[in-house]
>>> print(open('coords_19.pdb').read())   # PDB, C-alpha atoms
MODEL        1
ATOM      1  CA  MET A  35     -19.582   8.027   7.621  1.00  0.00           C
ATOM      2  CA  PRO A  36     -16.625   6.842   9.748  1.00  0.00           C
ATOM      3  CA  THR A  37     -16.153   8.494  13.095  1.00  0.00           C
ATOM      4  CA  THR A  38     -12.703   9.161  14.499  1.00  0.00           C
ATOM      5  CA  GLU A  39     -11.187   8.984  17.928  1.00  0.00           C
ATOM      6  CA  SER A  40      -9.416  11.875  19.592  1.00  0.00           C
ATOM      7  CA  ALA A  41      -6.020  10.449  18.781  1.00  0.00           C
ATOM      8  CA  ASP A  42      -2.492  10.883  19.940  1.00  0.00           C
ATOM      9  CA  ASP A  43       0.443   9.523  17.967  1.00  0.00           C
ATOM     10  CA  ASP A  44      -0.329   5.919  18.957  1.00  0.00           C
ATOM     11  CA  GLN A  45      -4.037   6.042  18.148  1.00  0.00           C
ATOM     12  CA  LEU A  46      -5.805   5.967  14.846  1.00  0.00           C
ATOM     13  CA  PHE A  47      -8.140   8.326  13.040  1.00  0.00           C
ATOM     14  CA  VAL A  48     -10.328   5.805  11.210  1.00  0.00           C
ATOM     15  CA  LEU A  49     -11.079   6.752   7.606  1.00  0.00           C
ATOM     16  CA  THR A  50     -12.606   3.592   6.182  1.00  0.00           C
ATOM     17  CA  ALA A  51     -12.618  -0.184   6.501  1.00  0.00           C
ATOM     18  CA  VAL A  52     -13.034  -3.224   4.258  1.00  0.00           C
ATOM     19  CA  LEU A  53     -13.642  -6.913   4.804  1.00  0.00           C
ATOM     20  CA  LEU A  54     -11.004  -9.492   4.009  1.00  0.00           C
ATOM     21  CA  THR A  55     -12.708 -12.904   3.922  1.00  0.00           C
ATOM     22  CA  PRO A  56     -12.828 -15.737   1.360  1.00  0.00           C
ATOM     23  CA  ALA A  57     -16.120 -14.345   0.038  1.00  0.00           C
ATOM     24  CA  GLN A  58     -15.405 -10.600   0.273  1.00  0.00           C
ATOM     25  CA  PHE A  59     -12.099  -8.881  -0.273  1.00  0.00           C
ATOM     26  CA  PRO A  60     -10.770  -5.984  -2.363  1.00  0.00           C
ATOM     27  CA  SER A  61     -10.352  -7.640  -5.762  1.00  0.00           C
ATOM     28  CA  VAL A  62      -7.625  -5.197  -6.715  1.00  0.00           C
ATOM     29  CA  LEU A  63      -5.292  -6.920  -4.231  1.00  0.00           C
ATOM     30  CA  GLY A  64      -5.323 -10.427  -5.677  1.00  0.00           C
ATOM     31  CA  ASP A  65      -7.040 -13.221  -7.580  1.00  0.00           C
ATOM     32  CA  ASP A  66      -7.982 -15.139  -4.424  1.00  0.00           C
ATOM     33  CA  TYR A  67      -8.137 -14.857  -0.657  1.00  0.00           C
ATOM     34  CA  PRO A  68      -4.800 -16.572   0.131  1.00  0.00           C
ATOM     35  CA  GLU A  69      -3.020 -14.375  -2.421  1.00  0.00           C
ATOM     36  CA  VAL A  70      -4.385 -11.205  -0.822  1.00  0.00           C
ATOM     37  CA  CYS A  71      -3.460 -12.417   2.662  1.00  0.00           C
ATOM     38  CA  ALA A  72       0.066 -13.285   1.511  1.00  0.00           C
ATOM     39  CA  GLY A  73       0.500  -9.795   0.080  1.00  0.00           C
ATOM     40  CA  LEU A  74      -0.412  -8.339   3.470  1.00  0.00           C
ATOM     41  CA  GLY A  75       1.657 -10.817   5.479  1.00  0.00           C
ATOM     42  CA  LEU A  76      -1.436 -12.401   7.072  1.00  0.00           C
ATOM     43  CA  GLU A  77      -2.351 -16.046   7.580  1.00  0.00           C
ATOM     44  CA  PRO A  78      -5.331 -17.026   5.376  1.00  0.00           C
ATOM     45  CA  TYR A  79      -7.636 -18.043   8.228  1.00  0.00           C
ATOM     46  CA  ALA A  80     -11.103 -19.089   7.094  1.00  0.00           C
ATOM     47  CA  GLU A  81     -12.778 -16.584   9.443  1.00  0.00           C
ATOM     48  CA  GLY A  82     -11.014 -13.701   7.737  1.00  0.00           C
ATOM     49  CA  TYR A  83     -10.184 -10.206   8.915  1.00  0.00           C
ATOM     50  CA  GLY A  84     -11.353  -6.640   8.896  1.00  0.00           C
ATOM     51  CA  LEU A  85      -8.947  -4.038   7.516  1.00  0.00           C
ATOM     52  CA  VAL A  86      -9.166  -0.591   9.102  1.00  0.00           C
ATOM     53  CA  LEU A  87      -7.447   2.252   7.226  1.00  0.00           C
ATOM     54  CA  GLY A  88      -6.563   5.449   9.011  1.00  0.00           C
ATOM     55  CA  GLN A  89      -3.948   7.963  10.125  1.00  0.00           C
ATOM     56  CA  ASP A  90      -2.079   8.363  13.378  1.00  0.00           C
ATOM     57  CA  GLY A  91      -1.653  11.656  15.200  1.00  0.00           C
ATOM     58  CA  ASN A  92       1.254  12.569  12.923  1.00  0.00           C
ATOM     59  CA  GLY A  93      -0.811  11.919   9.799  1.00  0.00           C
ATOM     60  CA  ALA A  94       0.969   8.672   8.880  1.00  0.00           C
ATOM     61  CA  ARG A  95      -0.988   6.055   6.958  1.00  0.00           C
ATOM     62  CA  TRP A  96      -1.697   2.763   8.744  1.00  0.00           C
ATOM     63  CA  THR A  97      -3.700  -0.354   7.942  1.00  0.00           C
ATOM     64  CA  VAL A  98      -4.844  -2.309  10.983  1.00  0.00           C
ATOM     65  CA  ALA A  99      -5.935  -5.937  10.584  1.00  0.00           C
ATOM     66  CA  THR A 100      -8.415  -7.163  13.170  1.00  0.00           C
ATOM     67  CA  GLU A 101      -9.961 -10.562  13.778  1.00  0.00           C
ATOM     68  CA  ASP A 102     -13.215  -8.858  14.815  1.00  0.00           C
ATOM     69  CA  VAL A 103     -14.864  -9.282  11.418  1.00  0.00           C
ATOM     70  CA  SER A 104     -18.363  -8.734  12.807  1.00  0.00           C
ATOM     71  CA  LEU A 105     -17.437  -5.333  14.233  1.00  0.00           C
ATOM     72  CA  VAL A 106     -16.023  -4.174  10.908  1.00  0.00           C
ATOM     73  CA  ALA A 107     -19.020  -5.554   9.010  1.00  0.00           C
ATOM     74  CA  CYS A 108     -21.393  -3.650  11.300  1.00  0.00           C
ATOM     75  CA  ALA A 109     -19.417  -0.440  10.815  1.00  0.00           C
ATOM     76  CA  ILE A 110     -19.460  -0.775   7.026  1.00  0.00           C
ATOM     77  CA  ALA A 111     -23.213  -1.449   7.037  1.00  0.00           C
ATOM     78  CA  ALA A 112     -23.836   1.617   9.203  1.00  0.00           C
ATOM     79  CA  TRP A 113     -21.675   3.865   7.023  1.00  0.00           C
ATOM     80  CA  ASP A 114     -23.425   2.608   3.891  1.00  0.00           C
ATOM     81  CA  CYS A 115     -26.689   3.793   5.464  1.00  0.00           C
ATOM     82  CA  GLY A 116     -25.228   7.222   6.209  1.00  0.00           C
ATOM     83  CA  MET A 117     -24.974   6.553   9.940  1.00  0.00           C
ATOM     84  CA  GLU A 118     -22.064   7.255  12.237  1.00  0.00           C
ATOM     85  CA  TYR A 119     -20.276   4.311  13.828  1.00  0.00           C
ATOM     86  CA  ASP A 120     -17.279   4.423  16.147  1.00  0.00           C
ATOM     87  CA  LEU A 121     -15.035   1.659  14.824  1.00  0.00           C
ATOM     88  CA  SER A 122     -12.548   0.887  17.612  1.00  0.00           C
ATOM     89  CA  PRO A 123     -11.267  -2.708  17.479  1.00  0.00           C
ATOM     90  CA  GLY A 124     -10.106  -4.068  20.812  1.00  0.00           C
ATOM     91  CA  GLU A 125      -6.362  -4.444  21.180  1.00  0.00           C
ATOM     92  CA  SER A 126      -6.730  -8.194  21.739  1.00  0.00           C
ATOM     93  CA  SER A 127      -8.346  -8.550  18.294  1.00  0.00           C
ATOM     94  CA  ILE A 128      -5.602  -6.699  16.381  1.00  0.00           C
ATOM     95  CA  VAL A 129      -3.227  -9.038  14.574  1.00  0.00           C
ATOM     96  CA  ALA A 130      -1.166  -6.529  12.581  1.00  0.00           C
ATOM     97  CA  ALA A 131      -0.567  -2.807  12.125  1.00  0.00           C
ATOM     98  CA  LEU A 132       0.868  -2.328   8.646  1.00  0.00           C
ATOM     99  CA  PRO A 133       2.388   0.921   7.353  1.00  0.00           C
ATOM    100  CA  GLY A 134       0.671   2.479   4.359  1.00  0.00           C
ATOM    101  CA  TRP A 135      -2.655   1.811   2.665  1.00  0.00           C
ATOM    102  CA  PRO A 136      -3.247  -0.930   0.078  1.00  0.00           C
ATOM    103  CA  LEU A 137      -6.125   1.054  -1.445  1.00  0.00           C
ATOM    104  CA  ALA A 138      -6.307   4.580  -2.788  1.00  0.00           C
ATOM    105  CA  LEU A 139      -8.247   6.956  -0.518  1.00  0.00           C
ATOM    106  CA  ALA A 140      -9.402  10.432  -1.455  1.00  0.00           C
ATOM    107  CA  VAL A 141     -10.092  11.442   2.163  1.00  0.00           C
ATOM    108  CA  SER A 142      -7.881  12.348   5.107  1.00  0.00           C
ATOM    109  CA  ALA A 143      -8.316  12.968   8.818  1.00  0.00           C
ATOM    110  CA  PRO A 144      -8.957  16.539   9.978  1.00  0.00           C
ATOM    111  CA  ASP A 145      -6.492  18.476  12.119  1.00  0.00           C
ATOM    112  CA  VAL A 146      -3.506  16.216  11.416  1.00  0.00           C
ATOM    113  CA  PRO A 147      -0.766  16.470   8.761  1.00  0.00           C
ATOM    114  CA  GLN A 148      -1.507  15.261   5.241  1.00  0.00           C
ATOM    115  CA  PRO A 149      -1.348  11.479   4.696  1.00  0.00           C
ATOM    116  CA  HIS A 150       2.187  10.125   4.364  1.00  0.00           C
ATOM    117  CA  ASP A 151       3.986   6.863   4.969  1.00  0.00           C
ATOM    118  CA  PRO A 152       5.359   6.467   8.501  1.00  0.00           C
ATOM    119  CA  GLU A 153       9.066   6.807   9.159  1.00  0.00           C
ATOM    120  CA  PRO A 154      10.590   3.361   8.539  1.00  0.00           C
ATOM    121  CA  HIS A 155      12.437   1.443  11.243  1.00  0.00           C
ATOM    122  CA  ASP A 156      14.791  -1.497  10.895  1.00  0.00           C
ATOM    123  CA  GLY A 157      12.854  -4.651  10.116  1.00  0.00           C
ATOM    124  CA  ASP A 158       9.643  -2.849   9.168  1.00  0.00           C
ATOM    125  CA  PRO A 159       7.847  -4.075   6.032  1.00  0.00           C
ATOM    126  CA  ALA A 160       7.677  -1.774   3.030  1.00  0.00           C
ATOM    127  CA  PRO A 161       4.636   0.526   3.236  1.00  0.00           C
ATOM    128  CA  LEU A 162       1.529  -0.728   1.501  1.00  0.00           C
ATOM    129  CA  ALA A 163       0.553   1.198  -1.617  1.00  0.00           C
ATOM    130  CA  PRO A 164      -2.288   0.951  -4.143  1.00  0.00           C
ATOM    131  CA  PRO A 165      -1.529  -0.303  -7.650  1.00  0.00           C
ATOM    132  CA  GLU A 166      -0.456   2.206 -10.266  1.00  0.00           C
ATOM    133  CA  PRO A 167      -3.711   3.287 -11.960  1.00  0.00           C
ATOM    134  CA  ALA A 168      -2.167   4.245 -15.289  1.00  0.00           C
ATOM    135  CA  GLU A 169      -0.832   0.789 -16.147  1.00  0.00           C
ATOM    136  CA  TRP A 170      -2.922  -2.174 -17.329  1.00  0.00           C
ATOM    137  CA  GLY A 171      -2.200  -5.367 -15.425  1.00  0.00           C
ATOM    138  CA  PRO A 172      -3.834  -7.877 -13.071  1.00  0.00           C
ATOM    139  CA  ALA A 173      -5.016  -5.197 -10.639  1.00  0.00           C
ATOM    140  CA  GLN A 174      -6.642  -3.087 -13.362  1.00  0.00           C
ATOM    141  CA  ARG A 175      -8.162  -6.185 -14.967  1.00  0.00           C
ATOM    142  CA  ARG A 176      -9.779  -7.108 -11.647  1.00  0.00           C
ATOM    143  CA  LEU A 177     -10.974  -3.526 -11.138  1.00  0.00           C
ATOM    144  CA  GLY A 178     -12.556  -3.685 -14.589  1.00  0.00           C
ATOM    145  CA  ALA A 179     -14.396  -6.830 -13.608  1.00  0.00           C
ATOM    146  CA  ASP A 180     -15.578  -5.105 -10.428  1.00  0.00           C
ATOM    147  CA  GLU A 181     -17.009  -2.281 -12.545  1.00  0.00           C
ATOM    148  CA  ILE A 182     -18.911  -4.699 -14.778  1.00  0.00           C
ATOM    149  CA  ALA A 183     -20.369  -6.475 -11.741  1.00  0.00           C
ATOM    150  CA  MET A 184     -21.516  -3.165 -10.259  1.00  0.00           C
ATOM    151  CA  GLN A 185     -22.871  -1.807 -13.546  1.00  0.00           C
ATOM    152  CA  TRP A 186     -24.235  -5.037 -15.008  1.00  0.00           C
ATOM    153  CA  ALA A 187     -27.300  -3.508 -16.670  1.00  0.00           C
ATOM    154  CA  VAL A 188     -25.193  -0.893 -18.453  1.00  0.00           C
ATOM    155  CA  TRP A 189     -22.783  -3.460 -19.848  1.00  0.00           C
ATOM    156  CA  ARG A 190     -25.528  -5.943 -20.703  1.00  0.00           C
ATOM    157  CA  GLU A 191     -27.325  -3.374 -22.857  1.00  0.00           C
ATOM    158  CA  GLN A 192     -24.272  -3.197 -25.118  1.00  0.00           C
ATOM    159  CA  VAL A 193     -24.461  -6.894 -26.031  1.00  0.00           C
ATOM    160  CA  ASP A 194     -26.853  -8.425 -28.574  1.00  0.00           C
ATOM    161  CA  ASP A 195     -29.236 -10.997 -27.155  1.00  0.00           C
ATOM    162  CA  ASP A 196     -28.104 -13.520 -29.753  1.00  0.00           C
ATOM    163  CA  VAL A 197     -24.438 -13.559 -28.643  1.00  0.00           C
ATOM    164  CA  THR A 198     -23.427 -17.224 -28.651  1.00  0.00           C
ATOM    165  CA  PHE A 199     -21.302 -19.413 -26.456  1.00  0.00           C
ATOM    166  CA  VAL A 200     -17.747 -19.856 -27.728  1.00  0.00           C
ATOM    167  CA  GLU A 201     -17.786 -23.335 -29.251  1.00  0.00           C
ATOM    168  CA  PRO A 202     -14.584 -25.177 -30.202  1.00  0.00           C
ATOM    169  CA  GLY A 203     -15.474 -25.330 -33.918  1.00  0.00           C
ATOM    170  CA  GLU A 204     -16.367 -21.668 -34.378  1.00  0.00           C
ATOM    171  CA  GLN A 205     -12.896 -20.117 -34.511  1.00  0.00           C
ATOM    172  CA  PRO A 206     -13.204 -19.057 -30.884  1.00  0.00           C
ATOM    173  CA  HIS A 207     -11.081 -16.405 -29.287  1.00  0.00           C
ATOM    174  CA  LYS A 208      -8.138 -18.382 -27.905  1.00  0.00           C
ATOM    175  CA  GLY A 209      -7.907 -16.383 -24.703  1.00  0.00           C
ATOM    176  CA  VAL A 210     -11.604 -16.733 -23.952  1.00  0.00           C
ATOM    177  CA  ARG A 211     -11.505 -20.453 -24.724  1.00  0.00           C
ATOM    178  CA  ARG A 212      -8.605 -20.829 -22.280  1.00  0.00           C
ATOM    179  CA  VAL A 213     -10.582 -19.010 -19.597  1.00  0.00           C
ATOM    180  CA  LEU A 214     -13.597 -21.278 -20.059  1.00  0.00           C
ATOM    181  CA  GLU A 215     -11.434 -24.394 -19.938  1.00  0.00           C
ATOM    182  CA  GLU A 216      -9.733 -23.226 -16.751  1.00  0.00           C
ATOM    183  CA  ALA A 217     -13.108 -22.363 -15.219  1.00  0.00           C
ATOM    184  CA  ARG A 218     -14.301 -25.899 -15.977  1.00  0.00           C
ATOM    185  CA  GLY A 219     -11.170 -27.146 -14.287  1.00  0.00           C
ATOM    186  CA  TYR A 220     -12.288 -25.386 -11.107  1.00  0.00           C
ATOM    187  CA  VAL A 221     -15.377 -27.612 -11.059  1.00  0.00           C
ATOM    188  CA  ALA A 222     -13.225 -30.750 -11.191  1.00  0.00           C
ATOM    189  CA  GLU A 223     -10.594 -29.446  -8.774  1.00  0.00           C
ATOM    190  CA  PRO A 224     -11.733 -26.546  -6.570  1.00  0.00           C
ATOM    191  CA  PRO A 225      -9.326 -23.579  -6.664  1.00  0.00           C
ATOM    192  CA  PRO A 226      -8.013 -21.567  -3.691  1.00  0.00           C
ATOM    193  CA  PRO A 227     -10.737 -19.848  -1.628  1.00  0.00           C
ATOM    194  CA  GLY A 228     -12.016 -16.665  -3.227  1.00  0.00           C
ATOM    195  CA  ARG A 229     -11.200 -17.579  -6.828  1.00  0.00           C
ATOM    196  CA  VAL A 230     -14.945 -18.113  -7.266  1.00  0.00           C
ATOM    197  CA  ARG A 231     -17.324 -15.801  -5.416  1.00  0.00           C
ATOM    198  CA  SER A 232     -21.098 -15.565  -5.543  1.00  0.00           C
ATOM    199  CA  SER A 233     -23.247 -12.613  -4.529  1.00  0.00           C
ATOM    200  CA  PHE A 234     -26.907 -11.626  -4.706  1.00  0.00           C
ATOM    201  CA  ALA A 235     -28.446 -10.500  -7.998  1.00  0.00           C
ATOM    202  CA  ALA A 236     -31.984  -9.589  -9.019  1.00  0.00           C
ATOM    203  CA  ASN A 237     -34.669 -12.142  -9.917  1.00  0.00           C
ATOM    204  CA  GLU A 238     -33.214 -14.831  -7.628  1.00  0.00           C
ATOM    205  CA  ALA A 239     -30.073 -15.029  -9.750  1.00  0.00           C
ATOM    206  CA  ARG A 240     -26.494 -14.816  -8.523  1.00  0.00           C
ATOM    207  CA  THR A 241     -23.604 -12.713  -9.727  1.00  0.00           C
ATOM    208  CA  LEU A 242     -20.479 -14.809 -10.131  1.00  0.00           C
ATOM    209  CA  ARG A 243     -16.959 -13.454  -9.979  1.00  0.00           C
ATOM    210  CA  VAL A 244     -14.324 -15.921 -11.162  1.00  0.00           C
ATOM    211  CA  ASP A 245     -10.610 -15.128 -11.388  1.00  0.00           C
ATOM    212  CA  GLY A 246      -7.530 -16.986 -12.538  1.00  0.00           C
ATOM    213  CA  PRO A 247      -3.975 -16.423 -13.725  1.00  0.00           C
ATOM    214  CA  GLY A 248      -4.272 -13.536 -16.171  1.00  0.00           C
ATOM    215  CA  TRP A 249      -8.071 -13.437 -16.418  1.00  0.00           C
ATOM    216  CA  SER A 250     -11.337 -12.461 -14.764  1.00  0.00           C
ATOM    217  CA  MET A 251     -14.896 -13.483 -15.546  1.00  0.00           C
ATOM    218  CA  VAL A 252     -18.124 -11.829 -14.404  1.00  0.00           C
ATOM    219  CA  ALA A 253     -21.425 -13.603 -15.008  1.00  0.00           C
ATOM    220  CA  ARG A 254     -24.985 -13.868 -13.872  1.00  0.00           C
ATOM    221  CA  THR A 255     -26.383 -17.339 -13.389  1.00  0.00           C
ATOM    222  CA  ASP A 256     -29.460 -16.406 -15.454  1.00  0.00           C
ATOM    223  CA  ASP A 257     -27.575 -14.576 -18.209  1.00  0.00           C
ATOM    224  CA  ILE A 258     -24.268 -14.242 -20.065  1.00  0.00           C
ATOM    225  CA  ALA A 259     -20.656 -13.760 -18.971  1.00  0.00           C
ATOM    226  CA  PHE A 260     -17.932 -11.191 -19.612  1.00  0.00           C
ATOM    227  CA  VAL A 261     -14.229 -12.049 -19.780  1.00  0.00           C
ATOM    228  CA  LEU A 262     -11.220  -9.747 -19.300  1.00  0.00           C
ATOM    229  CA  LEU A 263      -7.615 -10.731 -20.056  1.00  0.00           C
ATOM    230  CA  ASP A 264      -4.277  -9.354 -18.944  1.00  0.00           C
ATOM    231  CA  GLU A 265      -2.927  -9.610 -22.487  1.00  0.00           C
ATOM    232  CA  GLU A 266      -5.705  -7.438 -23.953  1.00  0.00           C
ATOM    233  CA  PRO A 267      -5.776  -4.101 -22.107  1.00  0.00           C
ATOM    234  CA  GLY A 268      -9.267  -2.709 -21.701  1.00  0.00           C
ATOM    235  CA  GLU A 269     -10.968  -5.346 -23.869  1.00  0.00           C
ATOM    236  CA  VAL A 270     -14.167  -7.001 -22.626  1.00  0.00           C
ATOM    237  CA  HIS A 271     -15.341 -10.224 -24.295  1.00  0.00           C
ATOM    238  CA  PRO A 272     -19.014 -11.272 -23.944  1.00  0.00           C
ATOM    239  CA  VAL A 273     -19.779 -14.991 -23.767  1.00  0.00           C
ATOM    240  CA  GLY A 274     -23.347 -16.010 -24.616  1.00  0.00           C
ATOM    241  CA  ARG A 275     -25.336 -18.706 -22.852  1.00  0.00           C
ATOM    242  CA  GLY A 276     -25.717 -21.343 -25.566  1.00  0.00           C
ATOM    243  CA  ALA A 277     -25.990 -24.921 -24.350  1.00  0.00           C
ATOM    244  CA  GLU A 278     -22.894 -24.988 -22.149  1.00  0.00           C
ATOM    245  CA  LEU A 279     -22.700 -21.782 -20.147  1.00  0.00           C
ATOM    246  CA  PRO A 280     -25.757 -22.322 -17.879  1.00  0.00           C
ATOM    247  CA  GLY A 281     -24.399 -25.624 -16.595  1.00  0.00           C
ATOM    248  CA  LEU A 282     -20.915 -24.204 -16.077  1.00  0.00           C
ATOM    249  CA  LEU A 283     -22.236 -21.221 -14.136  1.00  0.00           C
ATOM    250  CA  SER A 284     -24.470 -23.433 -12.009  1.00  0.00           C
ATOM    251  CA  SER A 285     -21.535 -25.682 -11.117  1.00  0.00           C
ATOM    252  CA  LEU A 286     -19.323 -22.703 -10.290  1.00  0.00           C
ATOM    253  CA  ASP A 287     -22.041 -21.213  -8.097  1.00  0.00           C
ATOM    254  CA  GLU A 288     -22.228 -24.443  -6.088  1.00  0.00           C
ATOM    255  CA  LEU A 289     -18.552 -24.220  -5.108  1.00  0.00           C
ATOM    256  CA  ALA A 290     -18.398 -20.433  -4.750  1.00  0.00           C
ATOM    257  CA  ALA A 291     -17.672 -18.600  -1.528  1.00  0.00           C
ATOM    258  CA  ARG A 292     -20.687 -16.576  -0.393  1.00  0.00           C
ATOM    259  CA  PRO A 293     -20.954 -13.679   2.062  1.00  0.00           C
ATOM    260  CA  VAL A 294     -22.302 -14.742   5.430  1.00  0.00           C
TER     261      VAL A 294
ENDMDL
END
>>> encode(input="coords_19.pdb", output="structure tokens")
Amino acid sequence: MPTTESADDDQLFVLTAVLLTPAQFPSVLGDDYPEVCAGLGLEPYAEGYGLVLGQDGNGARWTVATEDVSLVACAIAAWDCGMEYDLSPGESSIVAALPGWPLALAVSAPDVPQPHDPEPHDGDPAPLAPPEPAEWGPAQRRLGADEIAMQWAVWREQVDDDVTFVEPGEQPHKGVRRVLEEARGYVAEPPPPGRVRSSFAANEARTLRVDGPGWSMVARTDDIAFVLLDEEPGEVHPVGRGAELPGLLSSLDELAARPV
């Protein structure tokens, strides 16, 4: 788990960290990498950033953006294995210290006051805050897609094997048809970085995550897809393979951003 420094008011008790790159970023924050960077006031550099979330000596929430992506990646890998890792980005690598946290955390640093936003000063940006969990919107739609990607087998078991691809002549769901048409458009004209992401899946397949204005799609290159829409809170639409989906997924995978 994260280790913390012995901090005074200007130092940081590190609680967690996440990557912010074209291939890996917290989906809850945006549909693509440039959108997430814009929301944090960062330039969308191709190399990306690491985001370190912690508290100062007064307990205030801070999010530190560092250019040392490798350091943050190593820390995350160590923590995932249950190992300690002292994540201390060098001052020269820090590009921003932002008040607040963009993600909800259930942990806090020991021996400091409870987490709170720092006292604002003239010219300071508004503190970062996670999306409201009770309301359905783009953030919750993307979180739903994250859940499907993580629990693919569970969701796949709920769908009949004979689910078919949504063909134009079969009274297709209009929202799903729009999603598929926009996804095809990505093949002809590549979207902003991070709109299409590809990650490892079992049996030499890939898990695809595709997002667009008002929609998210999760698919496996050897299987079906699931679509979520802003206008239909909590609804998940399966899309079968048929004759078209395999080729579409293959083309999307070719242009997708992949973790290094």
>>> residues_around(input="coords_19.pdb", residues="Cys108 in chain A", least_positions_apart="3", cutoff="12 Å", atoms="only C-alpha atoms", output="ChimeraX atom specification")
/A:36,51-53,84,102-105,111-115,117-123
>>> closest_residue(input="coords_19.pdb", among="A:Ala80, A:Leu242, A:Ala173, A:Val213", to="Pro68 in chain A", atoms="all atoms listed in the file")
A:Ala80
>>> resolve_selection(input="coords_19.pdb", expression="the PyMOL selection byres ((chain A and resi 294) around 9)", output="PDB file with C-alpha atoms, in the coordinates of the input")
ATOM      1  CA  ALA A  57     -16.120 -14.345   0.038  1.00  0.00           C
ATOM      2  CA  ARG A 292     -20.687 -16.576  -0.393  1.00  0.00           C
ATOM      3  CA  PRO A 293     -20.954 -13.679   2.062  1.00  0.00           C
TER       4      PRO A 293
END
>>> residues_around(input="coords_19.pdb", residues="Ala222 in chain A", least_positions_apart="4", cutoff="12 Å", atoms="only C-alpha atoms", output="VMD selection string")
chain A and resid 215 to 218 282 285 to 286 289
>>> resolve_selection(input="coords_19.pdb", expression="the PyMOL selection byres ((chain A and resi 183) around 10)", output="list in words")
Leu177, Gly178, Ala179, Asp180, Glu181, Ile182, Met184, Gln185, Trp186, Ala187, Val188, Trp189, Ser233, Ala235, Thr241, Leu242, Arg243, Met251, Val252, Ala253, Arg254 and Phe260 of chain A
>>> closest_residue(input="coords_19.pdb", among="A:Ile128, A:Leu263, A:Val270, A:Ala72", to="Gln192 in chain A", atoms="all atoms listed in the file")
A:Val270
>>> closest_residue(input="coords_19.pdb", among="A:Glu269, A:Asp65, A:Asp156, A:Glu288", to="Gly248 in chain A", atoms="all atoms listed in the file")
A:Asp65
>>> resolve_selection(input="coords_19.pdb", expression="the PyMOL selection byres ((chain A and resi 63) around 12)", output="ChimeraX atom specification")
/A:54,58-62,64-74,135-138,162-166,171-177,228
>>> atom_distance(input="coords_19.pdb", atom1="CA of Asp257 in chain A", atom2="CA of His271 in chain A")
14.3 Å
>>> atom_distance(input="coords_19.pdb", atom1="CA of Ser126 in chain A", atom2="CA of Arg95 in chain A")
21.3 Å
>>> closest_residue(input="coords_19.pdb", among="A:Asp158, A:Asp264, A:Glu125, A:Glu223", to="Val210 in chain A", atoms="only C-alpha atoms")
A:Asp264
>>> closest_residue(input="coords_19.pdb", among="A:Ala160, A:Ala290, A:Leu46, A:Leu85", to="Val221 in chain A", atoms="all atoms listed in the file")
A:Ala290
>>> atom_distance(input="coords_19.pdb", atom1="CA of Ser232 in chain A", atom2="CA of Leu49 in chain A")
27.8 Å
>>> closest_residue(input="coords_19.pdb", among="A:Ala143, A:Val230, A:Val273, A:Ala109", to="Gly246 in chain A", atoms="only C-alpha atoms")
A:Val230
